[in-house]
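Structure below is entry-v1.tsv: TSV, C-alpha atoms and all ligand atoms.
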chain	number	residue	atom	x	y	z
A	1	MET	CA	36.59	9.22	-8.03
A	2	ALA	CA	33.09	8.21	-6.96
A	3	GLU	CA	31.30	10.98	-5.04
A	4	TYR	CA	28.98	8.52	-3.38
A	5	HIS	CA	29.03	4.81	-2.86
A	6	ARG	CA	27.02	2.52	-0.66
A	7	SER	CA	29.10	1.00	2.12
A	8	ASP	CA	29.40	-2.80	1.94
A	9	MET	CA	27.38	-3.13	5.09
A	10	LEU	CA	24.26	-1.40	3.76
A	11	ALA	CA	21.66	-3.62	2.14
A	12	ALA	CA	20.99	-2.99	-1.56
A	13	SER	CA	17.34	-2.21	-0.90
A	14	PRO	CA	15.39	1.05	-0.65
A	15	SER	CA	14.83	2.39	2.86
A	16	GLY	CA	11.37	1.73	4.25
A	17	TYR	CA	11.59	4.68	6.61
A	18	CYS	CA	9.15	7.52	5.93
A	19	PRO	CA	10.42	10.00	3.30
A	20	GLY	CA	12.81	12.48	4.91
A	21	CYS	CA	13.21	10.49	8.15
A	22	LEU	CA	16.70	10.95	9.53
A	23	HIS	CA	16.82	7.39	10.94
A	24	SER	CA	17.78	6.52	7.34
A	25	LEU	CA	20.73	8.88	7.38
A	26	ALA	CA	21.83	7.71	10.84
A	27	THR	CA	21.73	4.10	9.61
A	28	ARG	CA	23.95	5.03	6.70
A	29	LEU	CA	26.42	6.96	8.87
A	30	ILE	CA	26.78	4.11	11.37
A	31	SER	CA	27.24	1.50	8.65
A	32	ASP	CA	29.77	3.72	6.83
A	33	VAL	CA	31.84	4.11	10.00
A	34	ILE	CA	31.69	0.40	10.85
A	35	THR	CA	32.84	-0.43	7.32
A	36	GLU	CA	35.60	2.18	7.47
A	37	LEU	CA	36.87	0.70	10.74
A	38	GLY	CA	36.84	-2.80	9.23
A	39	GLN	CA	34.36	-3.95	11.89
A	40	GLN	CA	31.59	-5.23	9.65
A	41	ASP	CA	31.99	-8.84	10.78
A	42	ASN	CA	32.71	-7.86	14.37
A	43	SER	CA	29.88	-5.39	15.07
A	44	LEU	CA	26.81	-6.21	17.13
A	45	ASN	CA	23.83	-3.87	17.19
A	46	VAL	CA	21.63	-4.36	20.25
A	47	ILE	CA	18.20	-3.31	19.08
A	48	SER	CA	15.41	-2.09	21.27
A	49	VAL	CA	11.89	-1.14	20.19
A	50	GLY	CA	10.70	1.74	17.98
A	51	CYS	CA	11.36	2.96	14.43
A	52	SER	CA	15.00	2.93	15.47
A	53	ALA	CA	14.82	-0.87	15.46
A	54	LEU	CA	13.95	-0.98	11.76
A	55	ASN	CA	17.57	-0.38	10.78
A	56	LEU	CA	18.21	-4.10	11.22
A	57	LEU	CA	16.48	-4.47	7.83
A	58	TYR	CA	19.04	-2.29	6.09
A	59	TRP	CA	22.46	-3.54	7.13
A	60	SER	CA	24.27	-6.80	7.21
A	61	GLY	CA	25.96	-6.73	10.66
A	62	ASP	CA	24.81	-8.89	13.56
A	63	ASN	CA	21.76	-7.71	15.52
A	64	LEU	CA	20.27	-8.75	18.85
A	65	SER	CA	16.67	-7.69	19.48
A	66	VAL	CA	15.71	-7.04	23.10
A	67	ALA	CA	12.74	-5.67	25.05
A	68	HIS	CA	11.75	-1.99	24.95
A	69	GLY	CA	14.33	0.19	26.71
A	70	ARG	CA	16.53	-2.72	27.75
A	71	ALA	CA	19.32	-2.40	25.18
A	72	PRO	CA	21.92	-1.02	27.64
A	73	ALA	CA	21.27	-3.92	30.03
A	74	ALA	CA	21.51	-6.51	27.24
A	75	ALA	CA	24.57	-4.81	25.73
A	76	THR	CA	26.25	-5.02	29.14
A	77	GLY	CA	25.99	-8.80	29.14
A	78	VAL	CA	26.97	-9.16	25.49
A	79	LYS	CA	30.01	-6.91	25.77
A	80	ARG	CA	31.23	-8.39	29.05
A	81	THR	CA	31.11	-11.88	27.57
A	82	ASN	CA	32.44	-10.80	24.14
A	83	PRO	CA	34.85	-7.99	24.97
A	84	GLU	CA	36.47	-8.05	21.53
A	85	ARG	CA	33.24	-7.21	19.69
A	86	LEU	CA	32.14	-3.71	18.69
A	87	VAL	CA	28.86	-3.52	20.61
A	88	PHE	CA	26.44	-0.65	20.24
A	89	ALA	CA	22.81	0.13	20.93
A	90	TYR	CA	20.78	2.41	18.66
A	91	GLN	CA	17.85	3.75	20.68
A	92	GLY	CA	15.03	6.24	20.23
A	93	ASP	CA	14.08	8.82	22.84
A	94	GLY	CA	10.96	7.01	24.06
A	95	ASP	CA	13.00	3.85	24.35
A	96	LEU	CA	16.03	5.41	26.04
A	97	ALA	CA	14.67	8.33	28.07
A	98	ALA	CA	11.27	6.93	29.15
A	99	ILE	CA	10.87	3.16	29.62
A	100	GLY	CA	14.64	2.61	29.50
A	101	LEU	CA	15.81	5.53	31.64
A	102	ALA	CA	17.08	3.32	34.48
A	103	GLU	CA	19.03	1.09	32.08
A	104	ILE	CA	20.85	3.90	30.30
A	105	MET	CA	21.75	5.76	33.49
A	106	SER	CA	22.93	2.57	35.19
A	107	ALA	CA	25.05	1.38	32.25
A	108	ALA	CA	26.59	4.86	31.88
A	109	ASN	CA	27.23	5.03	35.62
A	110	ARG	CA	28.99	1.66	35.54
A	111	GLY	CA	31.13	2.86	32.64
A	112	GLU	CA	30.32	-0.17	30.51
A	113	ASN	CA	32.61	-0.42	27.49
A	114	PHE	CA	30.05	-0.11	24.69
A	115	THR	CA	28.48	2.68	22.65
A	116	VAL	CA	24.94	4.01	22.75
A	117	ILE	CA	23.70	6.00	19.78
A	118	PHE	CA	20.62	7.95	20.81
A	119	ALA	CA	18.26	9.11	18.05
A	120	ASN	CA	16.31	12.01	19.57
A	121	ASN	CA	13.30	12.89	17.39
A	122	GLN	CA	11.28	14.25	20.34
A	123	THR	CA	8.38	11.87	19.83
A	124	TYR	CA	7.26	8.25	19.90
A	125	GLY	CA	7.43	7.81	16.14
A	126	MET	CA	6.43	4.20	15.76
A	127	THR	CA	3.27	4.35	17.85
A	128	GLY	CA	1.80	7.50	16.30
A	129	GLY	CA	3.50	10.56	17.70
A	130	GLN	CA	2.89	10.62	21.45
A	131	MET	CA	4.90	12.88	23.77
A	132	ALA	CA	8.38	11.63	24.63
A	133	PRO	CA	10.51	12.80	27.59
A	134	THR	CA	12.41	14.94	25.06
A	135	THR	CA	9.36	16.63	23.47
A	136	LEU	CA	9.98	20.39	23.52
A	137	ILE	CA	7.93	22.83	25.60
A	138	GLY	CA	4.98	23.87	23.47
A	139	GLN	CA	5.48	21.05	20.96
A	140	LYS	CA	2.23	19.46	19.85
A	141	THR	CA	1.90	15.68	19.97
A	142	THR	CA	-1.08	13.34	20.08
A	143	THR	CA	-0.88	13.37	23.90
A	144	THR	CA	-0.09	17.10	24.22
A	145	VAL	CA	-2.55	18.46	21.69
A	146	TYR	CA	-2.21	22.06	22.92
A	147	GLY	CA	1.57	21.77	23.18
A	148	ARG	CA	3.72	20.34	25.97
A	149	ASP	CA	3.05	22.19	29.23
A	150	PRO	CA	5.71	21.74	31.93
A	151	ALA	CA	3.10	22.29	34.64
A	152	THR	CA	1.63	18.89	33.85
A	153	THR	CA	4.36	17.03	31.93
A	154	GLY	CA	7.65	18.44	33.20
A	155	TYR	CA	10.60	19.59	31.12
A	156	PRO	CA	12.40	17.91	28.20
A	157	LEU	CA	15.15	15.64	29.49
A	158	LYS	CA	18.66	16.58	28.37
A	159	MET	CA	20.37	13.20	28.26
A	160	CYS	CA	23.87	14.39	27.29
A	161	GLU	CA	23.88	16.87	30.15
A	162	LEU	CA	22.68	14.21	32.62
A	163	ILE	CA	25.09	11.49	31.51
A	164	SER	CA	28.11	13.77	31.25
A	165	GLN	CA	27.73	14.61	34.97
A	166	LEU	CA	28.47	11.00	35.89
A	167	PRO	CA	32.10	10.18	36.67
A	168	ALA	CA	32.37	6.99	34.57
A	169	PRO	CA	31.44	7.85	30.94
A	170	ALA	CA	34.34	8.40	28.54
A	171	TYR	CA	32.69	10.31	25.68
A	172	VAL	CA	29.35	12.12	25.54
A	173	ALA	CA	28.40	14.25	22.54
A	174	ARG	CA	25.38	15.59	20.65
A	175	PHE	CA	25.12	16.27	16.93
A	176	ALA	CA	22.30	17.50	14.69
A	177	LEU	CA	21.63	15.74	11.39
A	178	ASN	CA	19.90	18.69	9.71
A	179	SER	CA	22.89	20.19	7.88
A	180	PRO	CA	25.92	18.92	5.95
A	181	LYS	CA	28.18	20.30	8.71
A	182	GLY	CA	26.17	18.50	11.39
A	183	VAL	CA	26.24	15.26	9.41
A	184	ARG	CA	30.03	15.44	8.98
A	185	GLU	CA	30.48	16.11	12.70
A	186	ALA	CA	28.10	13.29	13.63
A	187	ARG	CA	30.04	10.87	11.45
A	188	ALA	CA	33.29	11.89	13.15
A	189	GLY	CA	31.63	11.60	16.58
A	190	ILE	CA	30.36	8.09	15.89
A	191	LYS	CA	33.80	7.09	14.65
A	192	LYS	CA	35.45	8.54	17.73
A	193	ALA	CA	33.03	6.70	20.05
A	194	PHE	CA	33.63	3.38	18.27
A	195	GLU	CA	37.40	3.87	18.27
A	196	MET	CA	37.33	4.67	22.00
A	197	GLN	CA	35.30	1.55	22.66
A	198	LEU	CA	37.74	-0.58	20.64
A	199	ALA	CA	40.57	0.95	22.71
A	200	GLY	CA	38.75	-0.07	25.91
A	201	LYS	CA	38.14	3.50	27.10
A	202	GLY	CA	34.67	2.85	28.55
A	203	PHE	CA	31.13	4.11	28.00
A	204	THR	CA	30.54	6.26	24.92
A	205	PHE	CA	27.29	8.08	24.14
A	206	VAL	CA	26.40	9.87	20.89
A	207	GLU	CA	23.10	11.73	20.66
A	208	LEU	CA	21.83	12.46	17.16
A	209	LEU	CA	19.13	15.11	16.86
A	210	THR	CA	16.75	13.74	14.26
A	211	ASN	CA	13.22	14.43	13.00
A	212	CYS	CA	9.85	12.83	12.40
A	213	PRO	CA	8.17	14.47	9.37
A	214	THR	CA	5.14	12.19	9.68
A	215	ASN	CA	4.32	12.93	13.30
A	216	TRP	CA	5.57	16.51	13.38
A	217	HIS	CA	3.21	17.10	10.43
A	218	LEU	CA	5.90	19.01	8.55
A	219	SER	CA	7.53	18.46	5.18
A	220	PRO	CA	11.02	16.93	5.43
A	221	ILE	CA	12.60	20.30	4.50
A	222	ASP	CA	10.55	22.14	7.12
A	223	THR	CA	11.63	19.67	9.82
A	224	LEU	CA	15.26	20.66	9.17
A	225	GLU	CA	14.41	24.32	9.74
A	226	TYR	CA	12.32	23.43	12.82
A	227	MET	CA	15.36	21.65	14.24
A	228	ASN	CA	17.46	24.74	13.62
A	229	THR	CA	15.11	27.22	15.24
A	230	ASN	CA	13.66	25.04	18.01
A	231	THR	CA	15.36	21.71	18.76
A	232	MET	CA	18.96	22.91	18.64
A	233	GLN	CA	18.16	25.92	20.83
A	234	TYR	CA	17.22	23.58	23.70
A	235	PHE	CA	19.34	20.55	22.88
A	236	VAL	CA	22.59	22.33	22.15
A	237	PRO	CA	25.02	20.29	20.01
A	238	GLY	CA	28.55	19.82	21.29
A	239	VAL	CA	31.00	17.50	23.01
A	240	TYR	CA	29.91	17.27	26.65
A	241	LYS	CA	32.63	14.95	27.87
A	242	ASP	CA	35.75	13.45	26.31
A	243	ILE	CA	38.35	11.85	28.55
A	244	THR	CA	40.81	11.62	25.66
A	245	ALA	CA	40.87	15.43	25.40
A	246	LYS	CA	42.25	15.54	28.97
A	247	GLU	CA	44.68	12.73	28.16
A	248	ALA	CA	45.94	14.69	25.15
A	249	GLN	CA	46.57	17.78	27.33
A	250	ALA	CA	48.41	15.83	30.05
B	1	LIG	C1	6.91	-2.85	26.93
B	1	LIG	C2	6.40	-2.04	25.77
B	1	LIG	N1	5.70	-0.91	26.00
B	1	LIG	C3	5.24	-0.18	24.97
B	1	LIG	C4	5.44	-0.58	23.68
B	1	LIG	C5	4.90	0.23	22.53
B	1	LIG	N2	5.89	0.99	21.83
B	1	LIG	C6	6.46	0.55	20.68
B	1	LIG	S1	7.53	1.65	20.01
B	1	LIG	C7	7.23	2.76	21.26
B	1	LIG	C8	7.87	4.13	21.28
B	1	LIG	C9	9.13	4.26	20.50
B	1	LIG	O1	9.51	5.60	20.47
B	1	LIG	P1	11.00	6.03	20.33
B	1	LIG	O2	11.87	5.23	21.22
B	1	LIG	O3	11.06	7.50	20.51
B	1	LIG	O4	11.41	5.60	18.86
B	1	LIG	P2	10.94	6.14	17.42
B	1	LIG	O5	9.84	5.21	16.99
B	1	LIG	O6	10.50	7.56	17.57
B	1	LIG	O7	12.16	5.99	16.60
B	1	LIG	C10	6.32	2.26	22.18
B	1	LIG	C11	5.84	3.00	23.37
B	1	LIG	C12	6.18	-1.77	23.48
B	1	LIG	N3	6.45	-2.23	22.24
B	1	LIG	N4	6.64	-2.48	24.53
For the file at hand, write its structure as structure tokens.
Ligand SMILES: Cc1ncc(C[n+]2csc(CCOP(=O)(O)OP(=O)(O)O)c2C)c(N)n1
Amino acid sequence: MAEYHRSDMLAASPSGYCPGCLHSLATRLISDVITELGQQDNSLNVISVGCSALNLLYWSGDNLSVAHGRAPAAATGVKRTNPERLVFAYQGDGDLAAIGLAEIMSAANRGENFTVIFANNQTYGMTGGQMAPTTLIGQKTTTTVYGRDPATTGYPLKMCELISQLPAPAYVARFALNSPKGVREARAGIKKAFEMQLAGKGFTFVELLTNCPTNWHLSPIDTLEYMNTNTMQYFVPGVYKDITAKEAQA
């Protein structure tokens, strides 16, 4: 039996992401799950702006490119007019938690029936490593050269914790892509979110803790350890909300 095979949806081309960038892995996980669910011809990825958007080069599903931060607003229209399609947005933390904060909170609060996959690498990767809303306290970026100081830049936004407090969302979970266990759990979480969407359960949100070797100025291996000792201490992985868990108990 083959130990590894490329899912049909992934393009047969090398990834252009920086070496060690976990956007590559996230792209593979999402395309694997879509293929497994038989949704390859039915999926629609609403793409915003950032390195996250580059995944459109690597898979064969339909994509819709929209303005920075606006994916949840565009996905709302697409899903409402095409309710049978598997609609998801794949957004970075600058895109989702800064310029697009109003869109994500509003779509979640309305309980729109699509999925947002949130790649949290704690920086603006594409534009050269500026501070994002999720940059950790003390983390150095090109705009926090001495490390993020909450006195001037506030505290890192915990999106799962914020969104799971809203009454409408159906599934809210965070996974870390820095270990085989985390990758397996993330894959299962993405699958669960997509299955819930296909069952019409409402808004589903999957945060993936990722990295940025280039702008963190760490080797890919060292970013995985940094995530373990820093990122995951603040952004704690787990399932924050799951309405089907309550349904199963009832
Ligand atoms: C309206 C608008 N403002 C600013 C930019 C510049 N810009 C491009 S990507 C980006 C940040 C992306 O960061 P993030 O969402 O964290 O994604 P990453 O690149 O880290 O995956 C910014 C500010 C833009 N393209 N459009």
Practice problem: With all atoms listed in the file counted, collect every polymer residue having an atom within 8 Å of ligand LIG 1 (chain B); state the result as a ChimeraX atom specification. | Solution: /A:23,49-53,67-69,91-96,99,119-127,129,132,212
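Between CA of Leu198 in chain A and CA of Asn45 in chain A there is a distance of 14.7 Å.
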Self-check item: Within 9 Å of file point (18.8, 17.6, 7.4), counting all atoms listed in the file, expressed as a VMD selection string
Solution: chain A and resid 20 22 25 176 to 180 182 to 183 210 to 211 220 to 221 223 to 225 227
Mind writing the picked residues with C-alpha atoms as a PDB file, in the frame of the given file?
ATOM      1  CA  GLY A  20      12.810  12.480   4.910  1.00  0.00           C
ATOM      2  CA  LEU A  22      16.700  10.950   9.530  1.00  0.00           C
ATOM      3  CA  LEU A  25      20.730   8.880   7.380  1.00  0.00           C
ATOM      4  CA  ALA A 176      22.300  17.500  14.690  1.00  0.00           C
ATOM      5  CA  LEU A 177      21.630  15.740  11.390  1.00  0.00           C
ATOM      6  CA  ASN A 178      19.900  18.690   9.710  1.00  0.00           C
ATOM      7  CA  SER A 179      22.890  20.190   7.880  1.00  0.00           C
ATOM      8  CA  PRO A 180      25.920  18.920   5.950  1.00  0.00           C
ATOM      9  CA  GLY A 182      26.170  18.500  11.390  1.00  0.00           C
ATOM     10  CA  VAL A 183      26.240  15.260   9.410  1.00  0.00           C
ATOM     11  CA  THR A 210      16.750  13.740  14.260  1.00  0.00           C
ATOM     12  CA  ASN A 211      13.220  14.430  13.000  1.00  0.00           C
ATOM     13  CA  PRO A 220      11.020  16.930   5.430  1.00  0.00           C
ATOM     14  CA  ILE A 221      12.600  20.300   4.500  1.00  0.00           C
ATOM     15  CA  THR A 223      11.630  19.670   9.820  1.00  0.00           C
ATOM     16  CA  LEU A 224      15.260  20.660   9.170  1.00  0.00           C
ATOM     17  CA  GLU A 225      14.410  24.320   9.740  1.00  0.00           C
ATOM     18  CA  MET A 227      15.360  21.650  14.240  1.00  0.00           C
TER      19      MET A 227
END
Practice problem: Name the residues within 10 Å of (19.5, -7.3, 13.9), counting only C-alpha atoms in the file's coordinates, and put them as a VMD selection string. | Solution: chain A and resid 44 to 48 53 to 66
Just write the chosen residues, C-alpha atoms, as a tab-separated table (two decimals), in the frame of the given file.
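The resulting result_16.tsv:
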chain	number	residue	atom	x	y	z
A	44	LEU	CA	26.81	-6.21	17.13
A	45	ASN	CA	23.83	-3.87	17.19
A	46	VAL	CA	21.63	-4.36	20.25
A	47	ILE	CA	18.20	-3.31	19.08
A	48	SER	CA	15.41	-2.09	21.27
A	53	ALA	CA	14.82	-0.87	15.46
A	54	LEU	CA	13.95	-0.98	11.76
A	55	ASN	CA	17.57	-0.38	10.78
A	56	LEU	CA	18.21	-4.10	11.22
A	57	LEU	CA	16.48	-4.47	7.83
A	58	TYR	CA	19.04	-2.29	6.09
A	59	TRP	CA	22.46	-3.54	7.13
A	60	SER	CA	24.27	-6.80	7.21
A	61	GLY	CA	25.96	-6.73	10.66
A	62	ASP	CA	24.81	-8.89	13.56
A	63	ASN	CA	21.76	-7.71	15.52
A	64	LEU	CA	20.27	-8.75	18.85
A	65	SER	CA	16.67	-7.69	19.48
A	66	VAL	CA	15.71	-7.04	23.10
Quiz item: Looking at all atoms listed in the file, which of A:Met232, A:Val239, A:Val116, A:Ala186 is the one that sits closest to Val172 in chain A?
Solution: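 Ranked by minimum distance to Val172 in chain A, first place goes to A:Val239.
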